[in-house]
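> Here it is, the structure in full.
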Protein chains: 2
Amino acid sequence: MKIHCRTGLAALLCAPLLAFAAEGMWTLDKLPREQIQARYGFDATPEFTQKLMRASARLAGGCSGSFVSADGLVMTNHHCIRRCIQQLSSADNDVAKNGFLARERAQELRCPGMEINRLDAITDVTAAVRSATAGLRGAAFQAAEDEQRAKLTRECRGADAETTRCDLVNLYRGGIYQLYRYRRYADVRLAWAPEAAVASFGGDADNFNFPRWCLDVAMLRVYEGGKPAAVRDFFRFQPAGAQAGELVFVSGHPGRTQRQLTVARLETLRDTLAQQTLPGLSELRGVLLQYARGDAEARRLADSTLASVENGIKVSQGHLRALMDPQLLERKRQAEGALREFVAARPELKARVGDPWADIERAQGARRQLEPAYSQLEQGQAFSSELFGHARTLVRGAAERSQADGQRLREFADSGLPQVEARLRATTPLNPHYEQARLAWSLYRMRSLLGPDDPAVQLVLGRQSPAELAAALMAGTKLGDVAERQRLWAGGAAAIAQSEDGFIVLARRIDEASRSLRKRFEAEVLAVENEAAQRLAVASFEQGGTGRYPDATFSLRLSYGEVAGLEDRGRNVPPFTDLQSLFARATGSAPFALPASWQQAQGRVNAAQRMNLATTHDIIGGNSGSPLLNRRGEVVGLVFDGNLASLAGDFVYDERDNRAVSVHAGAIVEALKTVYRADALLAELLPSP
Amino acid sequence: MKIHCRTGLAALLCAPLLAFAAEGMWTLDKLPREQIQARYGFDATPEFTQKLMRASARLAGGCSGSFVSADGLVMTNHHCIRRCIQQLSSADNDVAKNGFLARERAQELRCPGMEINRLDAITDVTAAVRSATAGLRGAAFQAAEDEQRAKLTRECRGADAETTRCDLVNLYRGGIYQLYRYRRYADVRLAWAPEAAVASFGGDADNFNFPRWCLDVAMLRVYEGGKPAAVRDFFRFQPAGAQAGELVFVSGHPGRTQRQLTVARLETLRDTLAQQTLPGLSELRGVLLQYARGDAEARRLADSTLASVENGIKVSQGHLRALMDPQLLERKRQAEGALREFVAARPELKARVGDPWADIERAQGARRQLEPAYSQLEQGQAFSSELFGHARTLVRGAAERSQADGQRLREFADSGLPQVEARLRATTPLNPHYEQARLAWSLYRMRSLLGPDDPAVQLVLGRQSPAELAAALMAGTKLGDVAERQRLWAGGAAAIAQSEDGFIVLARRIDEASRSLRKRFEAEVLAVENEAAQRLAVASFEQGGTGRYPDATFSLRLSYGEVAGLEDRGRNVPPFTDLQSLFARATGSAPFALPASWQQAQGRVNAAQRMNLATTHDIIGGNSGSPLLNRRGEVVGLVFDGNLASLAGDFVYDERDNRAVSVHAGAIVEALKTVYRADALLAELLPSP
């Protein structure tokens with residue numbers, strides 16, 4: 001039985017109140033057990049979800065993964081470790097192009113700065129945060145929340161920052177606060193990555209489409225004390241996969257959805273997307289496309305960034321299309337109107353929550369005014385440069401570490417320092433020519449967006465042109481050297497004050513103005529929105545209880561759904577592709593060129609093996625790398641994408657056309673066996689009974 | 001007395017019915033003589049407007065100009081002749097960088113393919129067009145209108161296509177049809193162009209801003225029989241300029257406004273701008289910015305295109321901001337509602353006009369479906385290449401010239417053939433590397449927009465990648481050679497059929513599909529919109545008479561207004577800038593670097609000389625190069641831009657912040673005298689009494 005929302009008038013009534021069908025990114029403690037039972041006859045017991053929790057993994061940089069062997073083997077997407085692949089590459093060995101396979105564990109290569117987390121425990125701390133922020137608004141509210149976050153996470157973590165990590169997770173936009181305690185693995189090594197040409201077969205052209213043919217998989221291994229970590233809980237592989245209509249689960253870390261935003265906030269989001277985000281990403285795509293037309297090394301450098309930028313463009317396009325769809329905003333307006341009426345009719349509730357909608361709407365005026373300079377200067381969009389990032393970390397880190405933990409800028413709280421230091425230590429080879437090109441462009445764009453007479457622009461550029469400043473910064477810097485960064489970090493405020501490195505000088509020069517933009521933006525925009533959202537959550541709980549799922553927050557969620565094709569412009573698209581159609585689609589020209597390993601294996605592989613599959617899961621960015629699991633908790637696939645329609649999922653879910661896209665477990669096994677002959681890895685994934 | 005529209009509720013009542021203040025791009029036969037008299041005490045007599053008409057000029061490529069001497073000297077903007085400057089430049093002499101001055105007439109250089117028009121007569125032909133199209137809808141309506149256009153313009157032009165040109169001008173979107181007969185000058189030569197660095201001082205950073213400091217002027221001369229053309233009517237220079245508050249006129253050729261579009265059409269326009277136009281232009285900007293980071297020759301090539309692209313980006317941003325402004329659409333909705341009610345209350349009128357709004361709204365569904373492929377394939381966005389343009393002209397020209405005049409594609413009508421042939425003959429030096437880079441990019445963008453499985457994409461690319469196809473096309477082509485183009489044009493269908501030039505083969509291969517897209521788009525979208533617009537015009541005339549001005553159509557219009565500063569974010573901006581502040585703003589870095597000529601002249605020039613000025617005129621793209629005239633018909637300035645607020649002028653005019661920006665006549669004289677020592681030109685502009 002399928003119940004469709006979003007069709008006709010009924011949608012306006014049912015949609016805001018209850019989640020139907022496969023909708024929902026559920027926290028593990030609030031799984032809709034009855035709904036799943038009713039629809040699929042399966043009981044998702046606490047034991048089942050506990051197992052899912054302990055065998056799931058999170059890549060701290062923004063992806064999902066899963067443990068797939070007792071020896072700490074972690075499966076994720078190839079596109080989730082693009083940065084590691086770039087770091088392990090050089091002009092002599094392009095790992096993206098050639099792929100990588102450690103035939104024995106000693107050959108596994110460390111991914112600089114990569115961190116993997118496994119969720120171990122969840123504790124509710126709503127009462128503590130509520131009492132600390134009670135009655136506060138604006139900046140005072142935000143400061144109190146920040147202080148509580150620092151205190152709670154510090155206490156949760158205890159002494160062992162190396163192996164324990166605690167995050168304060170805000171669910172329902174202020175409705176519930178929980179502490180998530182993670183086992184932290186900071187020694188992560190690459191075991192296997194196929195060639196990018198087959199991992200991202202079809203490239204940007206096929207991205208967010210189904211049918212699809214990608215081997216978007218990579219295997220990492222977490223280490224403890226220099227040895228592969230022993231893990232108790234992991235998922236077993238099921239190469240047979242799942243059948244059409246079969247119930248399957250996705251356990252992963254969706255990064256962010258915005259389904260609980262008010263209409264006023266969605267409107268500024270839409271305007272920013274159309275007027276700044278999408279044009280900015282498009283311009284950068286042009287720069288990178290032209291840069292890649294240089295020699296092979298230029299292509300290698302640009303291609304890696306290009307993949308992320310083009311992905312960002314498709315996502316922005318999908319969001320913009322959704323927000324420019326008058327029906328979507330109308331539906332949101334109706335839901336908002338219903339909640340307003342609900343509050344207005346209850347004086348006691350009205351007294352408690354006030355008019356959060358009006359408060360958020362007012363904050364949008366400040367947002368429109370402050371956001372351009374804030375995002376350029378403080379969020380660093382003006383500085384598309386790894387070195388500037390290091391310079392800012394060093395300049396701010398020196399100042400912030402002399403403050404008490406709860407008083408610091410959030411990213412320098414004690415709980416975050418291990419990651420900050422790991423990034424500074426990461427040995428990423430930098431190409432100065434490429435770095436300079438991106439920096440010159442981003443400075444140019446800053447001037448173009450804010451205008452040459454803007455105080456922030458004057459402060460950054462002085463009388464130099466963007467190209468001149470970029471050249472001057474690159475000419476004298478030593479920040480590409482890890483030792484120099486370590487020296488400045490260790491040297492603290494005195495070392496920073498003495499440095500004449502251009503990047504450090506720039507970061508120092510703009511620091512006061514940049515902090516002041518942040519202070520205003522946080523006080524006049526973010527704090528107002530967040531505090532009002534908390535009151536909205538109160539109203540919403542009164543209206544509908546907590547039987548809903550919260551917006552995604554890069555914390556562990558479970559989605560359920562089924563293997564299903566879809567109808568696309570009148571055409572029936574079946575739920576599976578196979579290896580035969582992969583070879584048929586290969587033209588020999590990127591992004592439809594198969595690597596040599598696959599061309600050579602064409603006669604040997606099982607052409608009927610299913611390759612990718614579509615499911616109805618409600619997922620979003622951050623879910624990349626999630627395992628697709630059957631009722632027995634076996635891996636039947638690896639989520640790597642959604643279709644175009646799924647991009648609207650930031651704001652709404654529609655089971656009719658929203659699809660998640662996964663690599664079939666059998667395709668991974670077939671590739672390891674027949675194409676890569678990775679016998680050791682295969683034996684680890686499929687141990688003899 | 002100033003009457004403000006668009007403030008509060010009153011705006012909704014007054015705006016749609018009457019034009020107030022300086023609003024309006026008036027045709028010369030419908031000037032609001034009483035309004036001007038009432039506001040400024042000046043009588044714009046028929047003699048006054050006749051003089052304006054005969055001394056005004058139009059650059060057929062899309063700008064305005066004016067005759068400023070009896071010897072055929074034509075003043076326009078530097079940015080209007082960018083293409084000519086590029087054509088006259090080479091790696092050895094970059095005319096954009098170095099400027100150009102013919103110290104005697106024999107040194108004047110012909111601008112390849114440039115055409116200047118002077119309006120000589122206007123004839124109303126509404127009745128003829130109406131009777132030919134009576135009762136027809138859709139494609140039949142369009143075919144009948146096309147046939148009438150060919151017939152009327154052919155008859156009007158007579159035998160002398162070399163010196164006479166006739167355009168069918170459609171005013172009020174189908175309300176009135178007129179034949180405009182022009183004196184055509186096809187031998188146009190460059191007399192003076194300053195360096196681009198001072199012509200476009202401030203570059204894209206300052207574009208569409210005021211205050212401003214640009215010497216955006218160029219002098220051309222039209223020739224007849226190899227000699228400077230003698231003209232009877234021309235404007236005299238008035239170096240003293242005009243004072244704040246003074247009544248001044250702009251006589252020029254605004255290209256296109258969209259003030260009469262329905263809300264449904266404005267919404268598709270907004271969505272296309274946000275989702276396709278602005279991202280596409282931004283991406284091209286990125287490509288060009290990165291291309292320009294090559295050597296000096298690469299910079300020269302890219303910079304010229306970049307200026308147009310960046311201008312297009314600012315225009316698109318302005319349009320998008322206007323169309324995303326909920327107040328603007330609400331105002332349009334109110335006006336539309338009022339007209340609908342007016343029609344609904346009059347059964348006889350209702351029977352005549354039907355429901356044009358619904359027809360236009362239905363056409364928007366077809367537009368959304370067809371426009372992407374139509375604009376890529378038929379409008380040629382997929383082929384950012386001069387050579388492909390030639391190839392298509394040759395392939396289609398061969399087929400079309402064998403048809404009767406009225407049956408051809410519009411651009412191959414007899415009346416247009418001289419321009420078509422002039423473009424084929426133009427000796428524009430092409431850089432194959434640059435051509436290939438742009439082509440590879442535009443093919444890539446086509447695939448990205450339409451998807452790799454789109455039939456149009458498959459037809460263009462086959463199994464090649466965009467970069468491979470671009471390389472293959474450039475490798476074998478001879479279309480860069482004028483003689484080869486002439487041979488193929490003269491050889492007609494047989495020569496085209498035999499050609500193995502890659503571009504010709506491509507143009508042939510896609511021709512059928514491309515024509516079929518055009519046929520559908522014209523029948524299902526354009527013809528429906530145009531025919532419905534004619535019925536809208538009937539309703540609108542009944543409601544408000546013809547006392548309004550029509551949307552701009554690149555035909556001659558008169559705007560009146562006054563010299564005025566403005567308030568910008570709480571700051572009072574005076575109406576003039578001067579040379580002193582130009583020198584103060586110069587940093588030495590592009591786009592704020594003055595050329596050597598100005599640096600050397602700094603001590604000599606009159607620093608108090610006014611440089612640019614702002615006026616309240618209602619202008620739009622196409623008005624560039626228009627003379628700014630005082631009551632005596634003397635040149636007091638040269639329009640070259642509007643401010644950011646003026647970009648909303650495509651849809652509405654707001655006297656509060658809409659400003660036109662001009663070069664002061666005195667600044668032109670001071671530059672010619674002190675910086676360039678152009679004595680002969682100066683004597684021609686300011687003859688001794």
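Letters A, B, ... mark the chains of the structure tokens in the order given; residue numbers begin at 1 per chain; ligand numbers begin at 1, in order shown.
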Select, as number ranges by chain, those residues of chain B with any atom no more than 9 Å from chain A (distances computed using only C-alpha atoms).
B: 202, 204-206, 271, 273-275, 278-291, 293, 317, 320-321, 324, 437, 441, 447-449, 451-452, 463-465, 468, 587-592
> Residues within 10 Å of range 679-683 of chain B, please, as a list in words. Count only C-alpha atoms; anything in the same chain fewer than 2 positions from it doesn't count.
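What passes the distance filter is Ser69, Leu73, Leu101, Ala102, Arg103, Glu104, Arg105, Ala191, Trp192, Met219, Ile668, Val669, Glu670, Ala671, Leu672, Lys673, Thr674, Tyr676, Arg677, Leu685, Leu686, Pro687 and Ser688 of chain B.
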> From the set B:Val129, B:Thr27, B:Leu443, B:Met75, which residue has the shortest atom-to-atom contact distance to Phe141 in chain B, counting only C-alpha atoms?
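Distance minimum relative to Phe141 in chain B lands on B:Val129.
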> Given only C-alpha atoms as the basis, pick out the residue of B:Val639, B:Ile122, B:Ala533, B:Ala127 nearest to Arg265 in chain B.
B:Ala533
> For Arg181 in chain A, which of A:Arg39, A:Arg118, A:Lys227, A:Arg236 is the closest residue, counting only C-alpha atoms?
A:Arg118
> Counting only C-alpha atoms, which residue out of A:Phe576, A:Phe249, A:Tyr177, A:Tyr374 sits closest to Glu522 in chain A?
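Using only C-alpha atoms, Glu522 in chain A sits closest to A:Tyr374.
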> Just list as a PDB file with N, CA and C atoms, in the first residue's frame whatever in range 22-64 of chain A DSSP marks as strand (DSSP E or B).

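Below is the file states.pdb, written as the result:
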ATOM      1  N   TRP A  26      15.106   9.135  10.418  1.00  0.00           N
ATOM      2  CA  TRP A  26      14.713   8.912  11.805  1.00  0.00           C
ATOM      3  C   TRP A  26      15.899   8.762  12.729  1.00  0.00           C
ATOM      4  N   SER A  56      27.825   1.305  12.013  1.00  0.00           N
ATOM      5  CA  SER A  56      27.844   2.460  11.097  1.00  0.00           C
ATOM      6  C   SER A  56      29.022   3.359  11.434  1.00  0.00           C
ATOM      7  N   ALA A  57      29.455   4.114  10.454  1.00  0.00           N
ATOM      8  CA  ALA A  57      30.591   5.005  10.671  1.00  0.00           C
ATOM      9  C   ALA A  57      30.301   6.370  10.054  1.00  0.00           C
ATOM     10  N   ARG A  58      31.006   7.345  10.572  1.00  0.00           N
ATOM     11  CA  ARG A  58      30.873   8.694  10.018  1.00  0.00           C
ATOM     12  C   ARG A  58      32.250   9.197   9.639  1.00  0.00           C
ATOM     13  N   LEU A  59      32.395   9.753   8.428  1.00  0.00           N
ATOM     14  CA  LEU A  59      33.629  10.430   8.070  1.00  0.00           C
ATOM     15  C   LEU A  59      33.470  11.872   8.549  1.00  0.00           C
ATOM     16  N   CYS A  63      30.806  12.626   5.373  1.00  0.00           N
ATOM     17  CA  CYS A  63      30.210  11.502   4.646  1.00  0.00           C
ATOM     18  C   CYS A  63      29.848  10.405   5.645  1.00  0.00           C
ATOM     19  N   SER A  64      29.258   9.339   5.111  1.00  0.00           N
ATOM     20  CA  SER A  64      28.933   8.179   5.923  1.00  0.00           C
ATOM     21  C   SER A  64      29.799   7.005   5.500  1.00  0.00           C
TER      22      SER A  64
END
> So that I can see what lies close to Met53 in chain B, please list as a PyMOL selection string the residues with an atom at most 12 Å from it, counting only C-alpha atoms and leaving out residues fewer than 2 positions away in the same chain.
chain B and resi 27-29+46-51+55-58+65-67+117-122+180+182+233-235+250-253+555-558+626-627+633
> Using only C-alpha atoms, determine which residues lie at most 10 Å from Gly354 in chain B, disregarding the query and same-chain residues fewer than 6 positions distant; provide the list as a ChimeraX atom specification.
/B:343-344,347,532,535-536,539
> Please extract the residues of range 443-672 of chain B with a backbone DSSP assignment of alpha helix (DSSP H) and present them as a ChimeraX atom specification.
/B:443-450,455-461,466-476,482-498,502-521,527-544,579-585,596-601,665-670
> Could those residues be written to a file, using C-alpha atoms, as a short mmCIF file (atom, residue, chain, number, x, y, z; two decimals), in the first residue's frame?

data_model
loop_
_atom_site.label_atom_id
_atom_site.label_comp_id
_atom_site.auth_asym_id
_atom_site.auth_seq_id
_atom_site.Cartn_x
_atom_site.Cartn_y
_atom_site.Cartn_z
CA LEU B 443 29.57 22.35 -26.24
CA TYR B 444 30.33 21.18 -22.71
CA ARG B 445 27.67 23.48 -21.34
CA MET B 446 25.13 22.21 -23.86
CA ARG B 447 25.68 18.65 -22.68
CA SER B 448 25.52 19.78 -19.09
CA LEU B 449 22.23 21.68 -19.60
CA LEU B 450 20.40 19.16 -21.77
CA PRO B 455 18.72 13.74 -28.90
CA ALA B 456 20.14 17.17 -29.75
CA VAL B 457 23.27 16.45 -27.74
CA GLN B 458 23.67 13.04 -29.35
CA LEU B 459 23.26 14.63 -32.78
CA VAL B 460 25.93 17.25 -32.14
CA LEU B 461 28.50 15.17 -30.24
CA PRO B 466 33.01 18.36 -26.33
CA ALA B 467 36.77 18.96 -26.29
CA GLU B 468 37.38 16.33 -28.96
CA LEU B 469 34.70 17.72 -31.26
CA ALA B 470 35.99 21.28 -30.86
CA ALA B 471 39.53 20.15 -31.67
CA ALA B 472 38.40 18.15 -34.70
CA LEU B 473 36.34 21.04 -36.08
CA MET B 474 39.18 23.52 -35.73
CA ALA B 475 41.80 21.18 -37.12
CA GLY B 476 40.38 20.97 -40.61
CA VAL B 482 37.11 35.10 -46.47
CA ALA B 483 37.76 33.75 -49.95
CA GLU B 484 36.54 30.29 -48.94
CA ARG B 485 33.39 31.77 -47.42
CA GLN B 486 32.77 33.80 -50.57
CA ARG B 487 33.26 30.68 -52.68
CA LEU B 488 30.74 28.69 -50.65
CA TRP B 489 28.23 31.55 -50.65
CA ALA B 490 28.51 32.00 -54.38
CA GLY B 491 28.49 28.25 -55.00
CA GLY B 492 25.10 27.81 -53.35
CA ALA B 493 23.54 24.44 -52.57
CA ALA B 494 25.96 22.46 -54.75
CA ALA B 495 29.05 23.89 -53.08
CA ILE B 496 27.55 23.30 -49.64
CA ALA B 497 26.65 19.70 -50.45
CA GLN B 498 30.21 18.99 -51.60
CA GLY B 502 33.89 20.06 -40.38
CA PHE B 503 31.84 23.13 -39.52
CA ILE B 504 29.79 22.84 -42.71
CA VAL B 505 29.27 19.14 -42.06
CA LEU B 506 28.12 19.88 -38.51
CA ALA B 507 25.79 22.68 -39.62
CA ARG B 508 24.32 20.35 -42.27
CA ARG B 509 23.97 17.46 -39.82
CA ILE B 510 21.96 19.40 -37.27
CA ASP B 511 20.01 21.56 -39.70
CA GLU B 512 16.84 19.51 -39.90
CA ALA B 513 16.58 19.00 -36.15
CA SER B 514 17.41 22.62 -35.49
CA ARG B 515 14.83 23.92 -37.96
CA SER B 516 12.25 21.64 -36.48
CA LEU B 517 12.95 23.00 -32.97
CA ARG B 518 12.57 26.50 -34.36
CA LYS B 519 9.34 25.64 -36.10
CA ARG B 520 7.84 24.24 -32.93
CA PHE B 521 9.12 27.10 -30.78
CA ALA B 527 3.33 33.02 -32.46
CA VAL B 528 0.92 32.37 -29.60
CA GLU B 529 2.50 35.07 -27.47
CA ASN B 530 2.64 37.59 -30.31
CA GLU B 531 -0.88 37.06 -31.50
CA ALA B 532 -2.25 37.23 -27.96
CA ALA B 533 -0.19 40.38 -27.37
CA GLN B 534 -1.97 42.00 -30.30
CA ARG B 535 -5.31 41.35 -28.61
CA LEU B 536 -3.87 42.67 -25.36
CA ALA B 537 -2.87 45.85 -27.19
CA VAL B 538 -6.45 46.27 -28.41
CA ALA B 539 -7.74 45.97 -24.85
CA SER B 540 -5.07 48.28 -23.55
CA PHE B 541 -5.83 50.98 -26.14
CA GLU B 542 -9.50 50.81 -25.19
CA GLN B 543 -8.59 51.19 -21.55
CA GLY B 544 -6.03 53.93 -21.74
CA LEU B 579 38.75 65.18 -13.69
CA GLN B 580 40.36 65.82 -10.32
CA SER B 581 38.47 62.94 -8.74
CA LEU B 582 39.34 60.76 -11.74
CA PHE B 583 43.04 61.17 -10.97
CA ALA B 584 42.40 60.56 -7.27
CA ARG B 585 40.63 57.29 -8.03
CA ALA B 596 50.17 56.93 -20.28
CA SER B 597 48.57 59.77 -22.27
CA TRP B 598 46.49 60.79 -19.26
CA GLN B 599 49.28 60.34 -16.75
CA GLN B 600 51.46 62.64 -18.83
CA ALA B 601 48.68 65.20 -19.21
CA ALA B 665 30.59 67.34 -23.52
CA GLY B 666 33.28 69.49 -21.90
CA ALA B 667 35.28 66.42 -20.90
CA ILE B 668 35.32 65.20 -24.50
CA VAL B 669 36.55 68.61 -25.67
CA GLU B 670 39.16 68.82 -22.90
#
> Please, what distance in Å, to one decimal, runs between CA of Tyr549 in chain B and CA of Gly561 in chain B?
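Between these atoms lies a distance of 15.3 Å.
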> Using only C-alpha atoms for the distances, tell me which of A:Leu171, A:Ala264, A:Ala422, A:Ile176 is nearest to Pro356 in chain A.
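Smallest separation from Pro356 in chain A among the options: A:Ala264.
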> One number please: CA of Arg569 in chain A to CA of Thr262 in chain B, in Å, one decimal.
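Going from CA of Arg569 in chain A over to CA of Thr262 in chain B, I get 28.6 Å.
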> Rank nothing, just name the residue among A:Leu220, A:Val198, A:Ala335, A:Ala351 nearest to Val675 in chain A, using only C-alpha atoms.
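Of all the options, A:Val198 lies closest to Val675 in chain A.
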> Quick one: residues within 10 Å of Gly637 in chain A, only C-alpha atoms, excluding same-chain residues fewer than 4 positions away - as a PyMOL selection string?
chain A and resi 237-242+248+250+611-613+625-630+661-668
> Take the residues that were just selected and, keeping N, CA and C atoms, output them as a CSV table (one decimal), in the first residue's frame.

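Generated output (result-v2.csv):
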chain,number,residue,atom,x,y,z
A,237,PHE,N,28.7,-8.8,3.9
A,237,PHE,CA,28.4,-8.5,2.5
A,237,PHE,C,27.4,-9.6,2.0
A,238,GLN,N,26.4,-9.2,1.2
A,238,GLN,CA,25.4,-10.0,0.6
A,238,GLN,C,25.4,-9.8,-0.9
A,239,PRO,N,26.3,-10.4,-1.7
A,239,PRO,CA,26.5,-10.1,-3.1
A,239,PRO,C,25.2,-10.4,-3.9
A,240,ALA,N,24.3,-11.1,-3.4
A,240,ALA,CA,23.0,-11.3,-4.2
A,240,ALA,C,22.2,-10.1,-4.2
A,241,GLY,N,22.5,-9.1,-3.3
A,241,GLY,CA,21.7,-7.9,-3.3
A,241,GLY,C,20.3,-8.0,-2.9
A,242,ALA,N,19.5,-7.1,-3.3
A,242,ALA,CA,18.0,-7.1,-2.9
A,242,ALA,C,17.2,-7.1,-4.2
A,248,VAL,N,14.5,-2.4,2.4
A,248,VAL,CA,15.9,-2.2,2.7
A,248,VAL,C,16.1,-0.9,3.6
A,250,VAL,N,18.8,2.3,5.1
A,250,VAL,CA,20.0,3.1,4.9
A,250,VAL,C,20.3,3.6,6.3
A,611,MET,N,24.6,-3.6,-11.5
A,611,MET,CA,25.6,-2.6,-11.2
A,611,MET,C,25.1,-1.6,-10.2
A,612,ASN,N,24.1,-0.8,-10.6
A,612,ASN,CA,23.6,0.2,-9.7
A,612,ASN,C,22.1,-0.1,-9.5
A,613,LEU,N,21.5,0.5,-8.4
A,613,LEU,CA,20.1,0.3,-8.2
A,613,LEU,C,19.5,1.5,-7.5
A,625,GLY,N,28.0,7.1,1.0
A,625,GLY,CA,28.8,6.2,1.7
A,625,GLY,C,28.0,5.3,2.7
A,626,SER,N,26.7,5.6,2.8
A,626,SER,CA,25.9,4.8,3.7
A,626,SER,C,25.7,3.4,3.2
A,627,PRO,N,25.7,2.4,4.1
A,627,PRO,CA,25.4,1.0,3.6
A,627,PRO,C,23.9,0.9,3.3
A,628,LEU,N,23.6,0.1,2.3
A,628,LEU,CA,22.2,-0.3,2.0
A,628,LEU,C,22.1,-1.7,2.6
A,629,LEU,N,21.1,-1.9,3.5
A,629,LEU,CA,21.1,-3.1,4.3
A,629,LEU,C,19.7,-3.8,4.2
A,630,ASN,N,19.8,-5.1,4.2
A,630,ASN,CA,18.5,-5.9,4.1
A,630,ASN,C,18.1,-6.2,5.6
A,661,VAL,N,20.4,6.3,-5.0
A,661,VAL,CA,21.1,5.5,-6.0
A,661,VAL,C,22.3,4.8,-5.3
A,662,SER,N,22.4,3.5,-5.5
A,662,SER,CA,23.5,2.7,-4.8
A,662,SER,C,24.2,1.9,-5.8
A,663,VAL,N,25.5,1.6,-5.4
A,663,VAL,CA,26.2,0.6,-6.0
A,663,VAL,C,25.7,-0.8,-5.5
A,664,HIS,N,25.5,-1.7,-6.4
A,664,HIS,CA,25.1,-3.1,-6.0
A,664,HIS,C,26.2,-3.8,-5.3
A,665,ALA,N,25.9,-4.5,-4.2
A,665,ALA,CA,27.0,-5.2,-3.5
A,665,ALA,C,27.7,-6.3,-4.4
A,666,GLY,N,26.9,-6.9,-5.3
A,666,GLY,CA,27.4,-7.9,-6.2
A,666,GLY,C,28.4,-7.2,-7.2
A,667,ALA,N,28.2,-6.0,-7.6
A,667,ALA,CA,29.1,-5.3,-8.5
A,667,ALA,C,30.5,-5.1,-7.8
A,668,ILE,N,30.4,-4.7,-6.6
A,668,ILE,CA,31.7,-4.5,-5.8
A,668,ILE,C,32.5,-5.8,-5.7
> Would you mind listing what lies within 9 Å of Leu109 in chain B as a VMD selection string, with only C-alpha atoms counted and same-chain residues fewer than 3 positions away left out?
chain B and resid 88 102 106 188 to 191
> Go ahead and write the residues just picked, C-alpha atoms, as a short mmCIF file (atom, residue, chain, number, x, y, z; two decimals), in the first residue's frame.

data_model
loop_
_atom_site.label_atom_id
_atom_site.label_comp_id
_atom_site.auth_asym_id
_atom_site.auth_seq_id
_atom_site.Cartn_x
_atom_site.Cartn_y
_atom_site.Cartn_z
CA LEU B 88 41.46 46.47 -36.24
CA ALA B 102 43.38 59.60 -37.40
CA ALA B 106 43.07 59.55 -45.07
CA VAL B 188 31.95 53.42 -41.69
CA ARG B 189 35.44 54.38 -40.58
CA LEU B 190 37.08 54.97 -37.25
CA ALA B 191 38.34 58.52 -36.64
#
> Residues near Ser646 in chain B, anyone? I mean within 9 Å using only C-alpha atoms, not counting same-chain ones fewer than 4 positions away, as a ChimeraX atom specification.
/B:208,318,618-620,642,650,652-654,657-660
